[in-house]
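**Student:** Sharing protein12.csv (CSV, C-alpha atoms) below.
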chain,number,residue,atom,x,y,z
A,13,MET,CA,13.2,-19.9,-17.4
A,14,SER,CA,10.4,-18.3,-19.5
A,15,GLU,CA,11.3,-15.8,-22.2
A,16,LYS,CA,9.4,-13.1,-20.3
A,17,ASN,CA,11.3,-13.8,-17.1
A,18,SER,CA,14.6,-13.7,-19.0
A,19,THR,CA,13.7,-10.3,-20.5
A,20,VAL,CA,12.9,-8.9,-17.1
A,21,LEU,CA,16.1,-10.2,-15.6
A,22,LYS,CA,18.2,-8.8,-18.5
A,23,ALA,CA,16.4,-5.4,-18.1
A,24,ALA,CA,17.1,-5.4,-14.4
A,25,GLU,CA,20.7,-6.3,-15.0
A,26,LEU,CA,21.0,-3.4,-17.5
A,27,LEU,CA,19.4,-0.9,-15.1
A,28,GLN,CA,21.8,-1.9,-12.3
A,29,LEU,CA,24.7,-0.8,-14.5
A,30,PHE,CA,23.6,2.8,-13.9
A,31,LEU,CA,24.1,2.5,-10.2
A,32,SER,CA,27.8,2.5,-10.7
A,33,HIS,CA,27.9,4.4,-14.1
A,34,PRO,CA,26.0,7.7,-14.2
A,35,SER,CA,25.8,7.6,-18.0
A,36,LEU,CA,26.6,5.0,-20.6
A,37,THR,CA,26.8,4.8,-24.4
A,38,LEU,CA,25.3,2.0,-26.4
A,39,PRO,CA,28.7,0.3,-27.0
A,40,GLN,CA,29.5,0.6,-23.3
A,41,VAL,CA,26.3,-1.1,-22.3
A,42,VAL,CA,26.9,-3.9,-24.9
A,43,LYS,CA,30.4,-4.5,-23.5
A,44,LEU,CA,29.3,-4.5,-19.9
A,45,THR,CA,26.3,-6.9,-20.5
A,46,SER,CA,28.0,-9.1,-23.1
A,47,GLN,CA,24.6,-9.0,-25.0
A,48,PRO,CA,24.2,-8.6,-28.7
A,49,LYS,CA,24.0,-5.0,-29.8
A,50,THR,CA,20.6,-5.4,-31.4
A,51,SER,CA,19.2,-6.8,-28.2
A,52,VAL,CA,20.7,-4.1,-26.0
A,53,HIS,CA,19.4,-1.4,-28.4
A,54,ARG,CA,15.9,-2.9,-28.3
A,55,MET,CA,15.9,-3.1,-24.6
A,56,LEU,CA,17.2,0.5,-24.1
A,57,SER,CA,14.5,1.7,-26.5
A,58,SER,CA,11.8,0.0,-24.5
A,59,LEU,CA,13.2,1.3,-21.2
A,60,GLU,CA,13.4,4.8,-22.8
A,61,GLU,CA,9.7,4.5,-23.8
A,62,THR,CA,8.6,3.7,-20.3
A,63,GLY,CA,10.8,6.4,-18.7
A,64,PHE,CA,13.2,4.1,-16.9
A,65,VAL,CA,16.1,5.5,-18.9
A,66,ARG,CA,16.6,8.7,-20.9
A,67,ARG,CA,18.8,9.5,-23.8
A,68,THR,CA,20.8,12.7,-23.6
A,69,ALA,CA,21.8,15.1,-26.3
A,70,ASP,CA,25.2,13.5,-26.6
A,71,HIS,CA,23.6,10.1,-27.2
A,72,THR,CA,24.4,8.6,-23.9
A,73,TYR,CA,21.9,6.9,-21.6
A,74,GLU,CA,21.1,7.6,-18.0
A,75,LEU,CA,18.4,6.6,-15.5
A,76,GLY,CA,15.1,8.3,-16.2
A,77,PHE,CA,13.2,10.7,-13.9
A,78,VAL,CA,10.6,8.0,-13.2
A,79,PHE,CA,13.0,6.7,-10.5
A,80,LEU,CA,12.6,9.9,-8.6
A,81,GLN,CA,8.9,9.0,-8.3
A,82,PHE,CA,9.7,5.4,-7.1
A,83,GLY,CA,12.3,6.8,-4.7
A,84,HIS,CA,9.8,9.3,-3.3
A,85,ALA,CA,7.2,6.5,-2.9
A,86,VAL,CA,9.6,4.3,-1.0
A,87,ALA,CA,10.9,7.1,1.2
A,88,GLU,CA,7.3,8.1,1.9
A,89,ARG,CA,6.5,4.6,3.1
A,90,LEU,CA,9.6,4.6,5.4
A,91,ASP,CA,8.7,8.0,6.7
A,92,ILE,CA,5.2,6.8,7.5
A,93,ARG,CA,6.5,4.0,9.6
A,94,LYS,CA,8.8,6.4,11.6
A,95,ILE,CA,6.1,8.9,12.1
A,96,ALA,CA,3.3,6.4,12.8
A,97,LEU,CA,5.1,4.2,15.4
A,98,PRO,CA,4.9,6.5,18.5
A,99,ILE,CA,1.3,7.3,17.7
A,100,MET,CA,0.6,3.6,17.3
A,101,GLN,CA,2.2,2.8,20.6
A,102,ARG,CA,0.0,5.5,22.3
A,103,LEU,CA,-3.1,4.1,20.6
A,104,ARG,CA,-2.3,0.6,21.9
A,105,GLN,CA,-2.0,2.1,25.4
A,106,GLU,CA,-5.3,3.9,25.0
A,107,VAL,CA,-7.4,1.0,23.7
A,108,GLY,CA,-5.4,-2.0,24.8
A,109,GLU,CA,-5.6,-3.6,21.3
A,110,ALA,CA,-3.0,-4.5,18.7
A,111,VAL,CA,-2.4,-1.8,16.2
A,112,ASN,CA,-1.4,-2.3,12.5
A,113,LEU,CA,-0.1,0.0,9.8
A,114,ILE,CA,-0.6,-1.1,6.1
A,115,VAL,CA,0.1,0.3,2.7
A,116,ARG,CA,-1.1,-0.7,-0.7
A,117,ASP,CA,1.0,-2.9,-3.0
A,118,GLY,CA,-0.8,-3.5,-6.2
A,119,ASN,CA,-4.1,-5.2,-5.5
A,120,GLU,CA,-3.1,-6.2,-2.0
A,121,ALA,CA,-2.4,-4.6,1.3
A,122,ILE,CA,0.9,-5.3,3.1
A,123,TYR,CA,1.4,-4.9,6.8
A,124,VAL,CA,4.5,-2.7,7.3
A,125,GLU,CA,4.4,-1.9,11.1
A,126,LYS,CA,2.6,-3.3,14.1
A,127,VAL,CA,2.3,-2.9,17.9
A,128,ASP,CA,1.2,-6.0,19.8
A,129,THR,CA,-1.4,-5.9,22.5
A,130,THR,CA,-0.5,-6.9,26.0
A,131,GLU,CA,-3.8,-8.8,26.4
A,132,PRO,CA,-3.4,-12.5,26.9
A,133,VAL,CA,-6.0,-13.2,24.1
A,134,ARG,CA,-4.8,-11.6,21.0
A,135,VAL,CA,-4.8,-11.6,17.1
A,136,PHE,CA,-1.3,-12.2,15.7
A,137,THR,CA,-0.3,-10.2,12.6
A,138,ALA,CA,3.1,-10.4,11.1
A,139,ILE,CA,4.9,-7.5,9.4
A,140,GLY,CA,5.0,-8.4,5.7
A,141,ARG,CA,1.7,-10.2,5.8
A,142,ARG,CA,-0.5,-9.6,2.8
A,143,ALA,CA,-4.3,-9.4,2.4
A,144,PRO,CA,-6.7,-8.6,-0.4
A,145,LEU,CA,-8.0,-5.0,-0.5
A,146,TYR,CA,-11.6,-6.1,-0.1
A,147,GLY,CA,-10.9,-8.2,3.1
A,148,GLY,CA,-11.0,-6.7,6.5
A,149,ALA,CA,-11.2,-3.1,7.9
A,150,CYS,CA,-7.7,-1.9,7.3
A,151,PRO,CA,-7.2,-3.2,3.7
A,152,ARG,CA,-10.7,-2.1,2.8
A,153,VAL,CA,-10.0,1.5,3.9
A,154,LEU,CA,-7.3,1.6,1.2
A,155,LEU,CA,-9.8,0.5,-1.4
A,156,ALA,CA,-12.4,3.0,-0.2
A,157,TYR,CA,-10.1,6.0,-0.8
A,158,MET,CA,-8.4,4.7,-3.9
A,159,PRO,CA,-8.9,7.0,-6.9
A,160,GLU,CA,-12.3,6.1,-8.4
A,161,THR,CA,-11.0,5.0,-11.8
A,162,GLU,CA,-8.5,2.7,-10.2
A,163,ARG,CA,-11.2,1.3,-7.9
A,164,GLU,CA,-13.6,0.6,-10.8
A,165,THR,CA,-10.8,-1.2,-12.6
A,166,TYR,CA,-10.2,-3.2,-9.4
A,167,PHE,CA,-13.9,-4.1,-9.2
A,168,LYS,CA,-13.9,-5.3,-12.8
A,169,ASN,CA,-11.0,-7.7,-12.3
A,170,VAL,CA,-11.2,-8.8,-8.7
A,171,LYS,CA,-12.4,-12.3,-7.7
A,172,LEU,CA,-14.1,-12.0,-4.3
A,173,GLU,CA,-13.1,-15.2,-2.4
A,174,GLN,CA,-14.3,-16.4,0.9
A,175,ILE,CA,-11.5,-16.1,3.5
A,176,ALA,CA,-13.5,-16.2,6.8
A,177,ASN,CA,-17.1,-16.4,7.8
A,178,ASN,CA,-18.1,-12.8,7.0
A,179,THR,CA,-15.8,-12.0,4.1
A,180,ILE,CA,-17.6,-9.8,1.6
A,181,THR,CA,-18.0,-11.8,-1.6
A,182,ASP,CA,-20.8,-9.9,-3.2
A,183,LEU,CA,-19.7,-6.9,-5.3
A,184,LYS,CA,-22.9,-4.9,-4.7
A,185,LYS,CA,-22.4,-5.3,-1.0
A,186,LEU,CA,-18.8,-4.3,-1.2
A,187,ARG,CA,-19.7,-1.1,-3.1
A,188,GLU,CA,-22.2,-0.3,-0.4
A,189,VAL,CA,-19.6,-0.8,2.4
A,190,ILE,CA,-17.1,1.3,0.5
A,191,ALA,CA,-19.6,4.1,0.2
A,192,GLN,CA,-20.4,3.9,3.9
A,193,THR,CA,-16.6,3.9,4.7
A,194,ARG,CA,-16.1,7.1,2.7
A,195,GLU,CA,-19.1,8.7,4.3
A,196,ALA,CA,-18.1,7.8,7.9
A,197,GLY,CA,-14.3,8.1,7.5
A,198,TYR,CA,-13.6,4.7,9.0
A,199,THR,CA,-14.7,1.0,8.6
A,200,ILE,CA,-15.4,-1.9,10.8
A,201,SER,CA,-15.0,-5.7,10.1
A,202,HIS,CA,-16.1,-8.8,12.0
A,203,SER,CA,-14.6,-12.2,11.0
A,204,GLU,CA,-13.6,-11.1,7.5
A,205,LEU,CA,-9.9,-12.2,7.5
A,206,TYR,CA,-9.9,-14.5,10.5
A,207,ASN,CA,-13.0,-15.9,12.2
A,208,TYR,CA,-13.9,-14.4,15.6
A,209,THR,CA,-11.8,-11.3,15.1
A,210,SER,CA,-12.8,-7.7,14.6
A,211,ALA,CA,-11.0,-4.6,13.5
A,212,VAL,CA,-11.5,-0.8,13.1
A,213,GLY,CA,-9.7,0.8,10.2
A,214,ALA,CA,-9.1,4.5,9.3
A,215,PRO,CA,-7.3,6.2,6.4
A,216,ILE,CA,-4.0,8.0,6.4
A,217,PHE,CA,-3.5,10.8,3.8
A,218,ASN,CA,-0.4,12.6,2.6
A,219,HIS,CA,0.1,16.3,2.0
A,220,SER,CA,-1.9,16.2,-1.3
A,221,GLY,CA,-4.9,14.4,0.2
A,222,SER,CA,-4.1,11.0,-1.4
A,223,ILE,CA,-4.5,7.8,0.6
A,224,VAL,CA,-1.1,6.4,1.5
A,225,ALA,CA,-1.8,4.0,4.3
A,226,GLY,CA,-4.3,2.5,6.7
A,227,LEU,CA,-4.3,2.3,10.4
A,228,SER,CA,-6.3,-0.3,12.3
A,229,ILE,CA,-6.8,-1.9,15.7
A,230,VAL,CA,-7.6,-5.6,15.9
A,231,GLY,CA,-8.6,-8.1,18.5
A,232,PRO,CA,-11.1,-10.9,19.5
A,233,GLU,CA,-14.6,-10.2,18.3
A,234,ASN,CA,-16.1,-10.4,21.8
A,235,ARG,CA,-14.2,-7.2,22.7
A,236,TYR,CA,-15.8,-5.2,19.8
A,237,GLY,CA,-19.3,-4.9,21.0
A,238,GLU,CA,-21.5,-1.8,21.0
A,239,GLU,CA,-20.1,-0.8,24.5
A,240,ASN,CA,-16.5,-0.5,23.2
A,241,LEU,CA,-16.9,0.4,19.5
A,242,PRO,CA,-17.5,4.2,19.8
A,243,PHE,CA,-14.4,4.6,21.9
A,244,TYR,CA,-12.3,2.4,19.6
A,245,ILE,CA,-13.5,4.3,16.5
A,246,GLU,CA,-12.8,7.7,18.0
A,247,LYS,CA,-9.3,6.7,19.1
A,248,THR,CA,-8.4,5.0,15.8
A,249,VAL,CA,-9.7,7.9,13.6
A,250,THR,CA,-7.9,10.5,15.8
A,251,ALA,CA,-4.6,8.6,15.6
A,252,ALA,CA,-4.9,8.2,11.8
A,253,GLN,CA,-5.6,11.9,11.5
A,254,GLU,CA,-2.6,12.8,13.6
A,255,ILE,CA,-0.3,10.7,11.4
A,256,SER,CA,-1.9,12.3,8.3
A,257,GLU,CA,-1.3,15.8,9.7
A,258,ARG,CA,2.3,15.0,10.4
A,259,LEU,CA,2.5,14.1,6.7
A,260,GLY,CA,1.2,17.5,5.8
A,261,TRP,CA,-2.4,16.7,5.3
A,262,GLN,CA,-5.0,19.4,6.0
A,263,SER,CA,-8.1,18.0,7.7
A,264,ALA,CA,-10.4,20.4,5.8
A,265,GLY,CA,-9.5,18.5,2.6
A,266,LYS,CA,-10.3,15.1,4.0
A,267,GLY,CA,-10.8,12.6,1.2
A,268,GLU,CA,-11.3,15.2,-1.5
A,269,LYS,CA,-8.5,13.8,-3.6
A,270,ALA,CA,-9.7,10.2,-3.5
Let me see whether you can do it: turn the structure in this file into structure tokens.
**Tutor:**
Amino acid sequence: MSEKNSTVLKAAELLQLFLSHPSLTLPQVVKLTSQPKTSVHRMLSSLEETGFVRRTADHTYELGFVFLQFGHAVAERLDIRKIALPIMQRLRQEVGEAVNLIVRDGNEAIYVEKVDTTEPVRVFTAIGRRAPLYGGACPRVLLAYMPETERETYFKNVKLEQIANNTITDLKKLREVIAQTREAGYTISHSELYNYTSAVGAPIFNHSGSIVAGLSIVGPENRYGEENLPFYIEKTVTAAQEISERLGWQSAGKGEKA
């Protein structure tokens, strides 16, 4: 085990103590972890610096307020799934295509909910599947509405790799598509994650106008021609807006926080 991994595991072990002990003194933490006092003190100091623990006036330690933010973020994701599912089911009935809900996890999108199509020819997507933010309609909508400074950092560090026939691997082109997405309020992809598949993606915003998820429909490319796309786009965008509104988003402020 590397030294870094060992440090992370020790820090996690230390933090878990506070799940059963609301507050602890330094000697108590030393006793419970069986670690040297200097190591424990150093770790607590680092955790205090990052906000994971806080030291009270009586020199005891307790979990920091940063965990409220993490807890809110997790709860919000769970709330989105609960709110989105009936709307996703209705969208599937309206368009006949599979419907996916994704959220951002670092530099990737993760699929957290899905409703399968009843069509015999379909695109299979598993809950828990990950995809790069630049690849495909639904992941890319998260990238499009990411705060600009974060998006620029992403652009500087990302390696655009070919995943399918039409994966965008040119940064200039990606920037252009991102700008078009923000202007239109949705994005379309053809053979970007899987060959011969297409998708329409739209953003989901929370009460503050921040992007929190993406909604998409996906299916075989031959069903996403010009005769069907306007209908698909309208229904996907409307469903995403409805989920956003149930999260407290006001449509007049669409995208302003991004």
**Student:** Show me, as a PDB file with C-alpha atoms, in the coordinates of the input, the residues that have an atom within 6 Å of Leu113 (chain A) when counting all atoms listed in the file, minus same-chain residues fewer than 5 positions from it.
**Tutor:**
ATOM      1  CA  TYR A 123       1.400  -4.900   6.800  1.00  0.00           C
ATOM      2  CA  VAL A 124       4.500  -2.700   7.300  1.00  0.00           C
ATOM      3  CA  GLU A 125       4.400  -1.900  11.100  1.00  0.00           C
ATOM      4  CA  GLY A 226      -4.300   2.500   6.700  1.00  0.00           C
ATOM      5  CA  LEU A 227      -4.300   2.300  10.400  1.00  0.00           C
TER       6      LEU A 227
END
**Student:** Show which residues sit within 6 Å of Val212 (chain A), as number ranges by chain. Count only C-alpha atoms, and ignore same-chain residues fewer than 4 positions away.
**Tutor:** A: 149, 199-200, 228-229
**Student:** Mind giving me the straight-line distance from CA of Ile190 (chain A) to CA of Cys150 (chain A) in Å, one decimal?
**Tutor:**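 According to the coordinates, CA of Ile190 (chain A) and CA of Cys150 (chain A) are separated by 12.0 Å.
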**Student:** Compile the contact shell of region 174-180 of chain A as a PyMOL selection string: residues with an atom at most 12 Å away, counting all atoms listed in the file, same-chain residues fewer than 4 positions apart removed.
**Tutor:** chain A and resi 143-149+152+184-190+200-210
**Student:** Could you jot down the CA of Val111 (chain A) to CA of Pro151 (chain A) separation for me, Å, one decimal place?
**Tutor:**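 Between CA of Val111 (chain A) and CA of Pro151 (chain A) the gap works out to 13.5 Å.
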**Student:** Can you tell me how far CA of Arg194 (chain A) sits from CA of Ala156 (chain A), in Å to one decimal?
**Tutor:** 6.2 Å
**Student:** Would you pick out the contacts of region 17-23 of chain A at 10 Å or less, using only C-alpha atoms, so that residues sharing its chain but fewer than 5 positions from it are not included, and give the list as number ranges by chain?
**Tutor:** A: 28, 45, 47, 51-52, 55-56, 58-59
**Student:** Measuring between only C-alpha atoms, which one of A:Tyr157, A:Phe77, A:Phe217, A:Phe167 shows the shortest distance to Thr193 (chain A)?
**Tutor:** A:Tyr157
**Student:** Using only C-alpha atoms, which of the listed residues (A:Thr37, A:Asn169, A:Thr248, A:Ser256) sits closest to Arg102 (chain A)?
**Tutor:** A:Thr248
**Student:** Check the smallest atom-to-atom distance from each of A:Gln253, A:Thr129, A:Ser222, A:Asn234 to Tyr198 (chain A) using only C-alpha atoms, then report the winner.
**Tutor:**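 Smallest separation from Tyr198 (chain A) among the options: A:Gln253.
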**Student:** Complete the atom set of region 66-77 of chain A to all heavy atoms and return it as a PDB file, keeping the file's coordinate frame.
**Tutor:**
ATOM      1  N   ARG A  66      16.736   7.564 -19.983  1.00  0.00           N
ATOM      2  CA  ARG A  66      16.600   8.700 -20.900  1.00  0.00           C
ATOM      3  C   ARG A  66      17.848   8.837 -21.720  1.00  0.00           C
ATOM      4  O   ARG A  66      18.948   8.542 -21.242  1.00  0.00           O
ATOM      5  CB  ARG A  66      16.238   9.974 -20.165  1.00  0.00           C
ATOM      6  CG  ARG A  66      17.303  10.428 -19.179  1.00  0.00           C
ATOM      7  CD  ARG A  66      16.832  11.638 -18.373  1.00  0.00           C
ATOM      8  NE  ARG A  66      16.696  12.815 -19.200  1.00  0.00           N
ATOM      9  CZ  ARG A  66      17.647  13.720 -19.388  1.00  0.00           C
ATOM     10  NH1 ARG A  66      18.839  13.571 -18.787  1.00  0.00           N
ATOM     11  NH2 ARG A  66      17.444  14.766 -20.145  1.00  0.00           N
ATOM     12  N   ARG A  67      17.683   9.277 -22.959  1.00  0.00           N
ATOM     13  CA  ARG A  67      18.800   9.500 -23.800  1.00  0.00           C
ATOM     14  C   ARG A  67      19.143  10.972 -23.867  1.00  0.00           C
ATOM     15  O   ARG A  67      18.267  11.798 -24.110  1.00  0.00           O
ATOM     16  CB  ARG A  67      18.540   8.951 -25.233  1.00  0.00           C
ATOM     17  CG  ARG A  67      19.736   9.005 -26.151  1.00  0.00           C
ATOM     18  CD  ARG A  67      19.531   8.164 -27.377  1.00  0.00           C
ATOM     19  NE  ARG A  67      18.191   8.288 -27.936  1.00  0.00           N
ATOM     20  CZ  ARG A  67      17.830   7.728 -29.085  1.00  0.00           C
ATOM     21  NH1 ARG A  67      18.691   7.014 -29.786  1.00  0.00           N
ATOM     22  NH2 ARG A  67      16.594   7.864 -29.535  1.00  0.00           N
ATOM     23  N   THR A  68      20.386  11.308 -23.616  1.00  0.00           N
ATOM     24  CA  THR A  68      20.800  12.700 -23.600  1.00  0.00           C
ATOM     25  C   THR A  68      21.152  13.216 -24.961  1.00  0.00           C
ATOM     26  O   THR A  68      21.193  12.459 -25.933  1.00  0.00           O
ATOM     27  CB  THR A  68      22.001  12.882 -22.633  1.00  0.00           C
ATOM     28  OG1 THR A  68      23.120  12.192 -23.196  1.00  0.00           O
ATOM     29  CG2 THR A  68      21.700  12.317 -21.252  1.00  0.00           C
ATOM     30  N   ALA A  69      21.441  14.513 -25.013  1.00  0.00           N
ATOM     31  CA  ALA A  69      21.800  15.100 -26.300  1.00  0.00           C
ATOM     32  C   ALA A  69      23.037  14.571 -26.911  1.00  0.00           C
ATOM     33  O   ALA A  69      23.202  14.574 -28.142  1.00  0.00           O
ATOM     34  CB  ALA A  69      21.901  16.652 -26.123  1.00  0.00           C
ATOM     35  N   ASP A  70      23.956  14.067 -26.086  1.00  0.00           N
ATOM     36  CA  ASP A  70      25.200  13.500 -26.600  1.00  0.00           C
ATOM     37  C   ASP A  70      25.108  11.991 -26.815  1.00  0.00           C
ATOM     38  O   ASP A  70      26.123  11.298 -26.887  1.00  0.00           O
ATOM     39  CB  ASP A  70      26.397  13.879 -25.729  1.00  0.00           C
ATOM     40  CG  ASP A  70      26.238  13.347 -24.313  1.00  0.00           C
ATOM     41  OD1 ASP A  70      25.166  12.771 -24.010  1.00  0.00           O
ATOM     42  OD2 ASP A  70      27.168  13.497 -23.519  1.00  0.00           O
ATOM     43  N   HIS A  71      23.845  11.501 -26.894  1.00  0.00           N
ATOM     44  CA  HIS A  71      23.600  10.100 -27.200  1.00  0.00           C
ATOM     45  C   HIS A  71      24.094   9.099 -26.183  1.00  0.00           C
ATOM     46  O   HIS A  71      24.444   7.964 -26.501  1.00  0.00           O
ATOM     47  CB  HIS A  71      24.158   9.744 -28.611  1.00  0.00           C
ATOM     48  CG  HIS A  71      23.624  10.611 -29.690  1.00  0.00           C
ATOM     49  ND1 HIS A  71      22.314  10.562 -30.113  1.00  0.00           N
ATOM     50  CD2 HIS A  71      24.226  11.584 -30.434  1.00  0.00           C
ATOM     51  CE1 HIS A  71      22.128  11.449 -31.079  1.00  0.00           C
ATOM     52  NE2 HIS A  71      23.263  12.091 -31.291  1.00  0.00           N
ATOM     53  N   THR A  72      24.144   9.538 -24.939  1.00  0.00           N
ATOM     54  CA  THR A  72      24.400   8.600 -23.900  1.00  0.00           C
ATOM     55  C   THR A  72      23.098   8.329 -23.126  1.00  0.00           C
ATOM     56  O   THR A  72      22.119   9.069 -23.270  1.00  0.00           O
ATOM     57  CB  THR A  72      25.453   9.155 -22.861  1.00  0.00           C
ATOM     58  OG1 THR A  72      24.936  10.352 -22.270  1.00  0.00           O
ATOM     59  CG2 THR A  72      26.765   9.450 -23.550  1.00  0.00           C
ATOM     60  N   TYR A  73      23.099   7.257 -22.346  1.00  0.00           N
ATOM     61  CA  TYR A  73      21.900   6.900 -21.600  1.00  0.00           C
ATOM     62  C   TYR A  73      22.128   7.067 -20.111  1.00  0.00           C
ATOM     63  O   TYR A  73      23.232   6.860 -19.606  1.00  0.00           O
ATOM     64  CB  TYR A  73      21.524   5.417 -21.884  1.00  0.00           C
ATOM     65  CG  TYR A  73      21.077   5.157 -23.292  1.00  0.00           C
ATOM     66  CD1 TYR A  73      22.001   4.834 -24.293  1.00  0.00           C
ATOM     67  CD2 TYR A  73      19.724   5.227 -23.641  1.00  0.00           C
ATOM     68  CE1 TYR A  73      21.593   4.589 -25.592  1.00  0.00           C
ATOM     69  CE2 TYR A  73      19.300   4.981 -24.943  1.00  0.00           C
ATOM     70  CZ  TYR A  73      20.243   4.658 -25.911  1.00  0.00           C
ATOM     71  OH  TYR A  73      19.837   4.414 -27.202  1.00  0.00           O
ATOM     72  N   GLU A  74      21.080   7.451 -19.421  1.00  0.00           N
ATOM     73  CA  GLU A  74      21.100   7.600 -18.000  1.00  0.00           C
ATOM     74  C   GLU A  74      19.766   7.205 -17.406  1.00  0.00           C
ATOM     75  O   GLU A  74      18.783   7.097 -18.154  1.00  0.00           O
ATOM     76  CB  GLU A  74      21.557   8.966 -17.536  1.00  0.00           C
ATOM     77  CG  GLU A  74      20.656  10.066 -18.053  1.00  0.00           C
ATOM     78  CD  GLU A  74      21.182  11.457 -17.734  1.00  0.00           C
ATOM     79  OE1 GLU A  74      22.418  11.654 -17.715  1.00  0.00           O
ATOM     80  OE2 GLU A  74      20.334  12.343 -17.483  1.00  0.00           O
ATOM     81  N   LEU A  75      19.699   6.985 -16.079  1.00  0.00           N
ATOM     82  CA  LEU A  75      18.400   6.600 -15.500  1.00  0.00           C
ATOM     83  C   LEU A  75      17.397   7.736 -15.669  1.00  0.00           C
ATOM     84  O   LEU A  75      17.716   8.927 -15.596  1.00  0.00           O
ATOM     85  CB  LEU A  75      18.602   6.357 -13.976  1.00  0.00           C
ATOM     86  CG  LEU A  75      19.362   5.071 -13.599  1.00  0.00           C
ATOM     87  CD1 LEU A  75      19.497   4.972 -12.092  1.00  0.00           C
ATOM     88  CD2 LEU A  75      18.673   3.834 -14.152  1.00  0.00           C
ATOM     89  N   GLY A  76      16.146   7.333 -15.915  1.00  0.00           N
ATOM     90  CA  GLY A  76      15.100   8.300 -16.200  1.00  0.00           C
ATOM     91  C   GLY A  76      14.520   8.889 -14.884  1.00  0.00           C
ATOM     92  O   GLY A  76      14.739   8.384 -13.775  1.00  0.00           O
ATOM     93  N   PHE A  77      13.761   9.947 -15.059  1.00  0.00           N
ATOM     94  CA  PHE A  77      13.200  10.700 -13.900  1.00  0.00           C
ATOM     95  C   PHE A  77      12.132   9.854 -13.178  1.00  0.00           C
ATOM     96  O   PHE A  77      11.766  10.183 -12.047  1.00  0.00           O
ATOM     97  CB  PHE A  77      12.626  11.997 -14.362  1.00  0.00           C
ATOM     98  CG  PHE A  77      13.668  12.967 -14.847  1.00  0.00           C
ATOM     99  CD1 PHE A  77      13.608  13.495 -16.122  1.00  0.00           C
ATOM    100  CD2 PHE A  77      14.725  13.338 -14.023  1.00  0.00           C
ATOM    101  CE1 PHE A  77      14.567  14.380 -16.572  1.00  0.00           C
ATOM    102  CE2 PHE A  77      15.690  14.225 -14.464  1.00  0.00           C
ATOM    103  CZ  PHE A  77      15.613  14.753 -15.743  1.00  0.00           C
TER     104      PHE A  77
END
